[in-house]
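> File protein_11.cif below, mmCIF, C-alpha atoms:
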```
data_model
#
loop_
_atom_site.label_atom_id
_atom_site.label_comp_id
_atom_site.auth_asym_id
_atom_site.auth_seq_id
_atom_site.Cartn_x
_atom_site.Cartn_y
_atom_site.Cartn_z
CA MET A 1 0.00 0.00 0.00
CA TYR A 2 1.34 3.36 -1.00
CA ARG A 3 1.10 6.29 1.33
CA TYR A 4 2.10 9.83 0.90
CA LEU A 5 3.73 11.95 3.54
CA LEU A 6 4.40 10.31 6.89
CA LYS A 7 6.31 13.04 8.58
CA LEU A 8 7.23 16.53 7.46
CA THR A 9 10.40 17.55 9.18
CA ALA A 10 10.09 21.16 8.10
CA VAL A 11 8.54 23.41 5.49
CA VAL A 12 10.93 25.60 3.56
CA CYS A 13 10.76 28.15 0.76
CA LEU A 14 12.52 26.67 -2.27
CA ILE A 15 15.35 28.64 -3.80
CA CYS A 16 14.64 29.83 -7.34
CA LEU A 17 17.52 30.47 -9.70
CA PRO A 18 17.52 32.89 -12.67
CA GLY A 19 16.06 31.65 -15.93
CA GLY A 20 13.26 29.55 -14.48
CA ARG A 21 15.02 26.19 -15.00
CA VAL A 22 16.88 24.94 -11.97
CA PHE A 23 18.32 21.48 -11.44
CA ALA A 24 21.43 19.73 -10.20
CA ALA A 25 24.10 21.06 -12.52
CA ASP A 26 25.71 17.69 -13.36
CA ARG A 27 23.19 16.18 -15.78
CA THR A 28 25.35 13.30 -17.01
CA ARG A 29 23.47 10.83 -14.75
CA LEU A 30 19.93 11.96 -15.66
CA MET A 31 19.39 8.74 -17.69
CA ASP A 32 17.71 10.68 -20.49
CA PHE A 33 18.13 8.59 -23.65
CA ASP A 34 16.21 10.86 -26.05
CA GLY A 35 17.56 14.25 -24.95
CA ASP A 36 14.37 15.98 -23.81
CA GLY A 37 15.53 16.63 -20.25
CA VAL A 38 13.36 13.87 -18.73
CA THR A 39 14.52 10.64 -17.08
CA ASP A 40 13.43 7.66 -19.17
CA ILE A 41 12.15 4.42 -17.67
CA ALA A 42 14.87 1.95 -18.67
CA VAL A 43 16.21 -1.52 -17.92
CA TYR A 44 19.29 -3.54 -18.76
CA ASP A 45 18.63 -7.20 -19.60
CA GLY A 46 21.45 -9.41 -18.43
CA ALA A 47 19.84 -12.63 -19.71
CA PRO A 48 20.76 -14.25 -23.05
CA TRP A 49 18.95 -12.56 -25.94
CA THR A 50 20.16 -14.74 -28.83
CA PHE A 51 21.86 -18.13 -28.94
CA PRO A 52 24.68 -19.15 -29.11
CA ILE A 53 25.91 -15.53 -28.78
CA GLU A 54 24.78 -14.43 -25.33
CA GLN A 55 24.00 -10.82 -26.12
CA THR A 56 22.16 -8.42 -23.85
CA TYR A 57 20.21 -5.25 -24.46
CA PHE A 58 18.92 -2.01 -23.03
CA GLN A 59 15.26 -1.10 -23.24
CA TYR A 60 13.82 2.32 -22.52
CA ARG A 61 10.46 3.99 -22.84
CA SER A 62 10.87 7.22 -24.76
CA SER A 63 9.37 10.11 -22.81
CA ILE A 64 8.78 11.86 -26.16
CA THR A 65 6.93 9.17 -28.12
CA GLY A 66 6.00 6.61 -25.44
CA GLN A 67 7.50 3.88 -27.61
CA ILE A 68 9.76 1.13 -26.27
CA VAL A 69 13.23 1.35 -27.80
CA THR A 70 15.61 -1.65 -27.73
CA VAL A 71 19.39 -1.28 -28.09
CA GLN A 72 21.54 -4.41 -28.22
CA TRP A 73 24.76 -3.85 -26.28
CA GLY A 74 26.75 -6.15 -24.05
CA LEU A 75 26.98 -9.78 -22.94
CA THR A 76 25.48 -11.77 -20.09
CA THR A 77 28.12 -11.10 -17.42
CA ASP A 78 28.31 -7.33 -18.10
CA SER A 79 26.94 -4.59 -15.84
CA SER A 80 25.11 -1.42 -16.85
CA ALA A 81 27.23 1.75 -16.81
CA VAL A 82 24.88 4.28 -18.45
CA ALA A 83 25.77 8.00 -18.50
CA ASP A 84 26.20 10.86 -20.97
CA TYR A 85 29.83 10.34 -21.97
CA ASP A 86 29.89 12.67 -24.99
CA GLY A 87 28.05 15.67 -23.54
CA ASP A 88 25.18 15.85 -26.04
CA GLY A 89 22.45 15.64 -23.38
CA LYS A 90 21.61 12.01 -24.15
CA ALA A 91 22.38 8.96 -22.01
CA ASP A 92 24.67 6.50 -23.77
CA PRO A 93 23.97 2.75 -23.43
CA SER A 94 27.19 1.51 -21.82
CA ILE A 95 28.47 -1.55 -20.00
CA HIS A 96 31.38 -2.62 -17.82
CA ARG A 97 32.90 -6.00 -18.74
CA TRP A 98 35.00 -7.95 -16.26
CA GLN A 99 34.92 -11.43 -17.84
CA ASP A 100 34.63 -13.15 -21.22
CA VAL A 101 31.37 -15.12 -20.97
CA SER A 102 32.58 -17.70 -23.52
CA PHE A 103 36.04 -18.07 -21.90
CA PRO A 104 35.59 -17.37 -18.17
CA SER A 105 39.33 -17.49 -17.52
CA THR A 106 39.75 -14.40 -19.73
CA LEU A 107 39.31 -11.33 -17.55
CA TYR A 108 38.76 -7.67 -18.48
CA ASN A 109 38.40 -4.17 -17.09
CA ALA A 110 36.68 -2.71 -20.15
CA TRP A 111 34.05 0.02 -20.42
CA TRP A 112 32.14 -0.32 -23.72
CA ILE A 113 30.33 2.90 -24.58
CA LYS A 114 27.76 3.27 -27.36
CA GLY A 115 28.06 7.02 -27.81
CA SER A 116 25.06 8.85 -29.24
CA LEU A 117 27.39 11.56 -30.61
CA LEU A 118 30.92 10.11 -30.84
CA GLY A 119 30.09 6.52 -31.79
CA ASP A 120 31.16 3.24 -30.21
CA TYR A 121 34.42 2.87 -28.30
CA ALA A 122 36.02 1.07 -25.36
CA ARG A 123 38.30 2.10 -22.50
CA ASN A 124 40.24 -0.12 -20.12
CA PHE A 125 39.85 1.28 -16.65
CA GLY A 126 39.88 -0.22 -13.18
CA PRO A 127 40.92 -3.55 -11.64
CA VAL A 128 40.92 -6.56 -13.96
CA GLY A 129 38.39 -9.32 -13.30
CA VAL A 130 36.40 -7.67 -10.49
CA ASN A 131 32.62 -7.99 -10.88
CA GLU A 132 31.37 -6.19 -7.77
CA LEU A 133 32.41 -2.66 -8.59
CA ASP A 134 29.89 0.05 -7.79
CA LEU A 135 29.82 1.84 -11.15
CA LEU A 136 29.44 5.61 -10.71
CA PRO A 137 30.18 7.43 -13.98
CA GLY A 138 29.74 11.18 -13.71
CA ASP A 139 31.23 14.54 -14.67
CA TYR A 140 34.09 14.81 -12.18
CA ASP A 141 36.07 17.46 -14.06
CA GLY A 142 33.30 19.86 -15.12
CA ASP A 143 33.57 19.41 -18.91
CA GLY A 144 29.93 18.34 -19.33
CA LYS A 145 30.87 14.74 -20.09
CA ALA A 146 30.79 11.69 -17.84
CA GLU A 147 33.99 9.89 -16.91
CA PRO A 148 34.17 6.20 -15.97
CA ALA A 149 34.19 5.89 -12.19
CA PHE A 150 33.65 3.24 -9.56
CA THR A 151 34.09 2.37 -5.92
CA HIS A 152 35.70 -0.80 -4.68
CA GLN A 153 36.23 -2.01 -1.15
CA THR A 154 38.95 -4.32 0.14
CA CYS A 155 39.08 -5.51 3.73
CA ASP A 156 41.70 -7.13 5.94
CA LEU A 157 39.45 -8.70 8.54
CA GLY A 158 42.29 -10.28 10.49
CA ASP A 159 41.43 -12.59 13.35
CA PRO A 160 37.65 -13.34 13.20
CA ASN A 161 37.62 -13.43 17.01
CA ASN A 162 39.21 -9.98 17.28
CA THR A 163 37.49 -7.12 15.48
CA ASP A 164 39.98 -4.54 16.74
CA ASP A 165 42.37 -5.25 13.86
CA ASP A 166 39.72 -5.16 11.13
CA PHE A 167 40.60 -2.63 8.43
CA CYS A 168 38.85 -1.63 5.22
CA GLN A 169 39.97 0.57 2.36
CA PHE A 170 37.28 2.11 0.17
CA PHE A 171 38.62 3.22 -3.20
CA TYR A 172 36.77 5.94 -5.11
CA THR A 173 38.33 6.06 -8.56
CA TYR A 174 37.54 8.03 -11.69
CA ALA A 175 39.16 8.47 -15.09
CA GLN A 176 40.69 11.77 -16.05
CA PRO A 177 40.73 11.98 -19.88
CA PRO A 178 43.02 14.22 -21.95
CA ASN A 179 41.83 17.75 -22.67
CA ASP A 180 40.97 16.99 -26.29
CA GLU A 181 38.56 14.54 -27.94
CA SER A 182 41.27 12.11 -29.03
CA PHE A 183 40.68 9.91 -25.99
CA VAL A 184 37.74 8.24 -27.73
CA SER A 185 40.17 6.32 -29.91
CA GLN A 186 42.31 5.21 -26.98
CA VAL A 187 41.74 2.16 -24.83
CA THR A 188 43.39 3.56 -21.72
CA GLY A 189 42.74 6.66 -19.67
CA TYR A 190 44.32 8.54 -16.82
CA TYR A 191 43.61 7.17 -13.38
CA TYR A 192 42.74 9.06 -10.24
CA ASN A 193 42.57 6.93 -7.11
CA TYR A 194 41.05 8.35 -3.97
CA THR A 195 41.18 6.18 -0.86
CA VAL A 196 38.43 6.68 1.70
CA TYR A 197 39.25 4.88 4.91
CA GLY A 198 36.55 3.04 6.83
CA GLY A 199 34.31 1.83 4.01
CA GLY A 200 30.84 2.90 2.99
CA LEU A 201 28.37 3.29 0.14
CA ALA A 202 28.99 5.90 -2.53
CA ALA A 203 26.31 8.57 -3.06
CA ALA A 204 27.13 10.11 -6.44
CA GLY A 205 25.81 13.61 -7.13
CA ASP A 206 26.53 17.31 -7.52
CA TYR A 207 26.15 18.51 -3.94
CA ASP A 208 27.42 22.07 -4.41
CA GLY A 209 25.75 22.83 -7.75
CA ASP A 210 29.00 23.64 -9.57
CA GLY A 211 28.43 21.20 -12.44
CA THR A 212 30.77 18.46 -11.24
CA SER A 213 30.19 15.17 -9.43
CA ASP A 214 31.44 15.16 -5.86
CA VAL A 215 33.00 12.43 -3.72
CA VAL A 216 30.32 11.71 -1.11
CA VAL A 217 30.15 8.47 0.85
CA TYR A 218 27.50 7.15 3.24
CA ASP A 219 29.05 5.39 6.23
CA PRO A 220 26.49 2.88 7.58
CA GLN A 221 28.49 2.27 10.74
CA ILE A 222 28.09 5.86 11.94
CA GLN A 223 24.92 6.49 9.87
CA GLN A 224 26.26 9.65 8.26
CA PHE A 225 27.04 11.03 4.83
CA LYS A 226 30.64 12.21 4.52
CA VAL A 227 31.26 15.01 2.02
CA TYR A 228 34.90 15.15 0.95
CA ALA A 229 36.41 18.51 0.05
CA ARG A 230 38.33 19.32 -3.11
CA PRO A 231 41.10 19.13 -4.11
CA TYR A 232 40.96 15.36 -3.73
CA SER A 233 44.12 13.55 -2.74
CA PRO A 234 44.86 9.81 -2.46
CA THR A 235 46.71 10.44 0.81
CA THR A 236 44.97 13.39 2.46
CA GLN A 237 41.44 13.05 3.80
CA ASN A 238 39.54 16.30 4.20
CA ILE A 239 35.93 15.75 5.22
CA GLN A 240 34.06 18.99 4.68
CA ARG A 241 30.75 18.00 6.19
CA TYR A 242 28.90 15.21 8.00
CA VAL A 243 25.14 14.72 7.52
CA PRO A 244 23.42 12.16 9.79
CA LEU A 245 20.68 9.94 8.33
CA ASP A 246 19.57 6.44 9.32
CA ILE A 247 19.13 4.60 5.98
CA ASP A 248 19.97 1.29 4.29
CA LEU A 249 20.79 2.62 0.82
CA PRO A 250 21.57 6.14 -0.48
CA THR A 251 19.18 7.47 -3.16
CA PRO A 252 20.65 10.85 -4.16
CA GLY A 253 18.63 13.38 -6.16
CA ASP A 254 17.56 17.02 -6.35
CA PHE A 255 14.22 16.80 -4.55
CA ASN A 256 13.62 20.55 -4.13
CA ARG A 257 14.82 21.93 -7.50
CA ASP A 258 17.56 24.17 -6.12
CA GLY A 259 20.39 22.83 -8.28
CA ARG A 260 22.10 20.78 -5.56
CA THR A 261 21.93 17.05 -4.88
CA ASP A 262 20.14 16.34 -1.60
CA PHE A 263 21.07 13.82 1.08
CA ALA A 264 18.56 11.00 0.72
CA GLY A 265 18.08 7.29 1.18
CA VAL A 266 15.63 4.50 1.95
CA LYS A 267 15.00 2.45 5.07
CA ASN A 268 13.72 -1.16 5.26
CA PHE A 269 15.28 -2.03 1.89
CA GLN A 270 15.18 -5.85 1.45
CA SER A 271 14.10 -6.37 5.07
CA GLN A 272 13.30 -9.90 6.28
CA THR A 273 9.61 -9.06 6.74
CA LEU A 274 7.55 -7.11 4.22
CA GLN A 275 7.36 -3.48 5.31
CA PRO A 276 6.79 -0.09 3.70
CA LEU A 277 9.88 1.36 2.03
CA ILE A 278 10.63 4.60 3.88
CA TRP A 279 12.27 7.42 1.89
CA LYS A 280 14.25 9.94 3.94
CA VAL A 281 15.22 13.22 2.29
CA ARG A 282 17.24 16.06 3.83
CA TYR A 283 17.47 19.14 1.64
CA ASN A 284 21.01 20.31 0.94
CA LEU A 285 20.35 23.98 1.66
CA ARG A 286 22.96 26.70 1.26
CA ASN A 287 22.31 28.01 4.76
CA GLY A 288 23.16 24.64 6.26
CA LEU A 289 19.76 23.99 7.83
CA VAL A 290 18.78 20.34 8.05
CA VAL A 291 15.17 20.11 6.86
CA GLY A 292 13.26 17.69 4.66
CA PHE A 293 10.76 14.88 4.94
CA ASP A 294 10.21 11.16 5.53
CA VAL A 295 7.67 9.35 3.36
CA ALA A 296 6.52 5.79 2.67
CA TRP A 297 6.58 4.89 -1.01
CA GLY A 298 6.76 1.29 -2.18
CA MET A 299 7.48 -1.85 -0.22
CA SER A 300 10.69 -3.28 1.19
CA ASN A 301 10.94 -5.97 -1.55
CA GLU A 302 10.94 -3.29 -4.27
CA TYR A 303 13.89 -1.32 -5.62
CA PRO A 304 14.17 2.48 -5.33
CA VAL A 305 14.63 4.08 -8.77
CA PRO A 306 14.63 7.88 -8.27
CA GLY A 307 14.62 10.16 -11.32
CA ASP A 308 12.98 13.20 -12.90
CA TYR A 309 10.28 11.31 -14.79
CA ASP A 310 7.93 14.28 -15.31
CA GLY A 311 10.51 16.87 -16.37
CA ASP A 312 9.90 19.42 -13.62
CA GLN A 313 13.59 19.30 -12.53
CA LYS A 314 12.67 17.62 -9.24
CA THR A 315 13.59 14.04 -8.39
CA ASP A 316 10.50 11.82 -8.17
CA LEU A 317 10.02 8.97 -5.72
CA ALA A 318 9.78 5.71 -7.68
CA VAL A 319 10.09 1.96 -7.12
CA TYR A 320 10.59 -1.04 -9.39
CA ASN A 321 8.97 -4.39 -8.61
CA LYS A 322 11.23 -7.11 -9.97
CA GLN A 323 8.53 -9.81 -9.85
CA THR A 324 5.91 -7.84 -11.81
CA SER A 325 8.27 -5.54 -13.78
CA THR A 326 6.12 -2.63 -12.58
CA TRP A 327 7.39 0.91 -12.09
CA THR A 328 5.37 2.97 -9.61
CA ILE A 329 6.26 6.66 -9.73
CA ARG A 330 5.02 9.55 -7.62
CA ARG A 331 5.24 12.56 -9.91
CA SER A 332 6.42 15.63 -8.01
CA SER A 333 4.70 17.96 -10.50
CA ASP A 334 1.15 16.90 -9.55
CA MET A 335 1.69 14.27 -6.79
CA GLN A 336 -0.15 11.69 -8.92
CA THR A 337 0.81 8.03 -9.23
CA TRP A 338 2.11 6.83 -12.59
CA THR A 339 2.42 3.07 -13.21
CA VAL A 340 4.35 1.57 -16.13
CA VAL A 341 5.30 -2.04 -16.92
CA LEU A 342 8.75 -2.49 -18.46
CA GLY A 343 11.30 -5.28 -17.99
CA ASP A 344 11.29 -8.81 -16.63
CA SER A 345 12.71 -10.72 -13.67
CA ASN A 346 16.21 -10.79 -15.19
CA ASP A 347 16.43 -7.05 -15.76
CA THR A 348 18.22 -4.36 -13.79
CA PRO A 349 16.55 -0.91 -13.66
CA VAL A 350 19.00 1.64 -15.03
CA THR A 351 18.00 4.27 -12.46
CA PHE A 352 18.69 2.04 -9.45
CA PRO A 353 21.32 4.11 -7.53
CA THR A 354 23.98 1.40 -7.79
CA GLN A 355 24.69 -1.29 -10.37
CA ASN A 356 26.67 -3.31 -7.82
CA PRO A 357 25.38 -6.95 -7.83
CA ARG A 358 25.82 -6.99 -4.05
CA CYS A 359 23.07 -4.38 -3.76
CA PHE A 360 20.71 -5.44 -6.54
CA ASN A 361 20.64 -9.15 -5.69
CA PRO A 362 21.20 -9.30 -1.92
CA MET A 363 20.67 -12.46 0.09
CA PRO A 364 17.22 -12.65 1.79
CA GLY A 365 17.21 -10.53 4.91
CA SER A 366 20.48 -8.79 4.10
CA GLN A 367 20.92 -5.06 3.69
CA CYS A 368 22.87 -3.26 0.99
CA THR A 369 25.89 -2.58 3.19
CA PRO A 370 29.58 -3.40 2.74
#
```
Output the file's structure in the form of structure tokens.


Amino acid sequence: MYRYLLKLTAVVCLICLPGGRVFAADRTRLMDFDGDGVTDIAVYDGAPWTFPIEQTYFQYRSSITGQIVTVQWGLTTDSSAVADYDGDGKADPSIHRWQDVSFPSTLYNAWWIKGSLLGDYARNFGPVGVNELDLLPGDYDGDGKAEPAFTHQTCDLGDPNNTDDDFCQFFYTYAQPPNDESFVSQVTGYYYNYTVYGGGLAAAGDYDGDGTSDVVVYDPQIQQFKVYARPYSPTTQNIQRYVPLDIDLPTPGDFNRDGRTDFAGVKNFQSQTLQPLIWKVRYNLRNGLVVGFDVAWGMSNEYPVPGDYDGDQKTDLAVYNKQTSTWTIRRSSDMQTWTVVLGDSNDTPVTFPTQNPRCFNPMPGSQCTP
């Protein structure tokens, strides 16, 4: 059962920017395949499409025509890595490949991008043969184009009877391409490794509204977002801000149309007993006030898929039911419910905040935590 507002933490006057159109400045993760400024309902099918070649495909519902568009791209073991890599305002169907499905002993670290402007190309980036990367492409250098990026956690758990020596390193890594367009013909890029000690869940977004993606991590052990300050350094940790929020999974988005990503997440995600999925949003206001709302939308066995599905430059609450392939969206423009069926039980919703298999296919009763 879907309910609207459970608790309003505060009521605020939204900030309006000149020109009438305000939104989080980094639009490379909008998941807009047809370029009209609206998030499209989209899935990535990881199941075999043809035989013997185990191809996969993207499907999206065009917000312009309402038609279902199918784009073949990828193989069974690939993961979705959609973003706008060429800066034309359209999401590019893209995958990360870690293994050759026909020859499992052959390992990769390839990003295959089907560019809507620059054509098809591949880049090798990241650790070879690792399939549980949290893929977070975004515009980290402010050029209007997404760069490949991911997080990866390694832990030295030491003696299982002694947790005092447990140590985790959380690597937030993004590619830094050359200043010209020639990188599209290269298979390697520049690497930037940023080590965040203590572990966590990445919460990609543009939190200061400057047009670039920021390094923000949710630490489930202390139940706080940690905003890291630029310039980023692999050796120096400079946490600019902590924001407390008790959630299971970050669901970043611009929920109040002020041009800055808000601190948000869901509670009860994949809980052992069926419960309402609780969305918690704290507006990222320039004056530093912590205000927002908690609301029930969806159920704990559904997947949060936030996006701007009605084109009003506000993130809408939305869930995807894997069993029924049903998308249930609460449009922020009129607060009406919009239901669409797209996908099947093998599909991954493109707007799910992480494409990490650990989060999308958790064990029963587990939470999406490191």

> Rank nothing, just name the residue among A:Ser102, A:Thr315, A:Ser271, A:Thr326 nearest to Leu30 in chain A, using only C-alpha atoms.

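Result for the nearest residue to Leu30 in chain A: A:Thr315.
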
> At a cut-off of 7 Å, using only C-alpha atoms, what residues contact Asn321 in chain A? Leave out same-chain residues fewer than 4 positions from it and give the result as JSON, numbers by chain.

{"A": [302, 303, 325, 326, 327]}

> Apply the PyMOL selection byres ((chain A and resi 345) around 8) to the file shown and report the selected residues as a ChimeraX atom specification.

/A:322-325,343-344,346-347

> For the residues selected in the previous step, produce a file with C-alpha atoms as an mmCIF file, in the frame of the given file.


```cif
data_model
loop_
_atom_site.group_PDB
_atom_site.id
_atom_site.type_symbol
_atom_site.label_atom_id
_atom_site.label_comp_id
_atom_site.auth_asym_id
_atom_site.auth_seq_id
_atom_site.Cartn_x
_atom_site.Cartn_y
_atom_site.Cartn_z
ATOM 1 C CA LYS A 322 11.230 -7.110 -9.970
ATOM 2 C CA GLN A 323 8.530 -9.810 -9.850
ATOM 3 C CA THR A 324 5.910 -7.840 -11.810
ATOM 4 C CA SER A 325 8.270 -5.540 -13.780
ATOM 5 C CA GLY A 343 11.300 -5.280 -17.990
ATOM 6 C CA ASP A 344 11.290 -8.810 -16.630
ATOM 7 C CA ASN A 346 16.210 -10.790 -15.190
ATOM 8 C CA ASP A 347 16.430 -7.050 -15.760
#
```

> Specify as a list in words each residue included when the PyMOL selection byres ((chain A and resi 247) around 6) is applied to this file.

Asp246, Asp248, Leu249, Gly265, Val266 and Lys267 of chain A

> If the PyMOL selection byres ((chain A and resi 67-76) around 10) is run on the structure shown, which residues does it catch, given as a ChimeraX atom specification?

/A:33,41-49,53-66,77-80,93-97,99-102,112-114,342

> Rounded to one decimal, what separation in Å do you get between CA of Arg29 in chain A and CA of Gly89 in chain A?

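Calculated distance between CA of Arg29 in chain A and CA of Gly89 in chain A is 9.9 Å.
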
> Find the distance between CA of Phe352 in chain A and CA of Gly119 in chain A and write it in Å to one decimal.

25.5 Å

> Separation of CA of Ile329 in chain A and CA of Asp316 in chain A, in Å?

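Interatomic distance, CA of Ile329 in chain A to CA of Asp316 in chain A: 6.9 Å.
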
> When you count only C-alpha atoms, which of these residues is closest to Lys90 in chain A: A:Asp34, A:Asp26, A:Asp143, A:Asp120?

A:Asp34

> Neighbouring residues of Pro304 in chain A were defined as those with any atom within 8 Å, considering all atoms listed in the file; residues of the same chain fewer than 6 positions away were excluded. Please report them as number ranges by chain.

A: 251, 266, 317-320, 352-353

> Extract, using only C-alpha atoms, all DNA, RNA and protein residues at most 6 Å from Lys226 in chain A, discarding same-chain residues fewer than 6 positions from it, and format them as a PDB file with C-alpha atoms, keeping the file's coordinate frame.


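New file result_21.pdb:
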```
ATOM      1  CA  VAL A 216      30.320  11.710  -1.110  1.00  0.00           C
ATOM      2  CA  VAL A 217      30.150   8.470   0.850  1.00  0.00           C
ATOM      3  CA  TYR A 242      28.900  15.210   8.000  1.00  0.00           C
TER       4      TYR A 242
END
```

> Looking at only C-alpha atoms, which of A:Leu201, A:Phe293, A:Tyr207, A:Ser332 is the one that sits closest to Gln221 in chain A?

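For Gln221 in chain A, the nearest of the candidates is A:Leu201.
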
> Name the closest residue to Leu285 in chain A among the candidates A:Asp262, A:Val305, A:Asp32, A:Thr212; distances are taken between atoms, counting all atoms listed in the file.

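Going through A:Asp262, A:Val305, A:Asp32, A:Thr212 one by one, the smallest distance to Leu285 in chain A is for A:Asp262.
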
> So, with only C-alpha atoms as the atoms that count, which of A:Val243, A:Ala122, A:Ala264, A:Leu277 lies closest to Val290 in chain A?

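Nearest candidate to Val290 in chain A out of A:Val243, A:Ala122, A:Ala264, A:Leu277: A:Val243.
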
> With distances taken over only C-alpha atoms, which residue among A:Gln272, A:Lys280, A:Leu133, A:Val227 lies nearest Val295 in chain A?

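With only C-alpha atoms as the atom set, the closest residue is A:Lys280.
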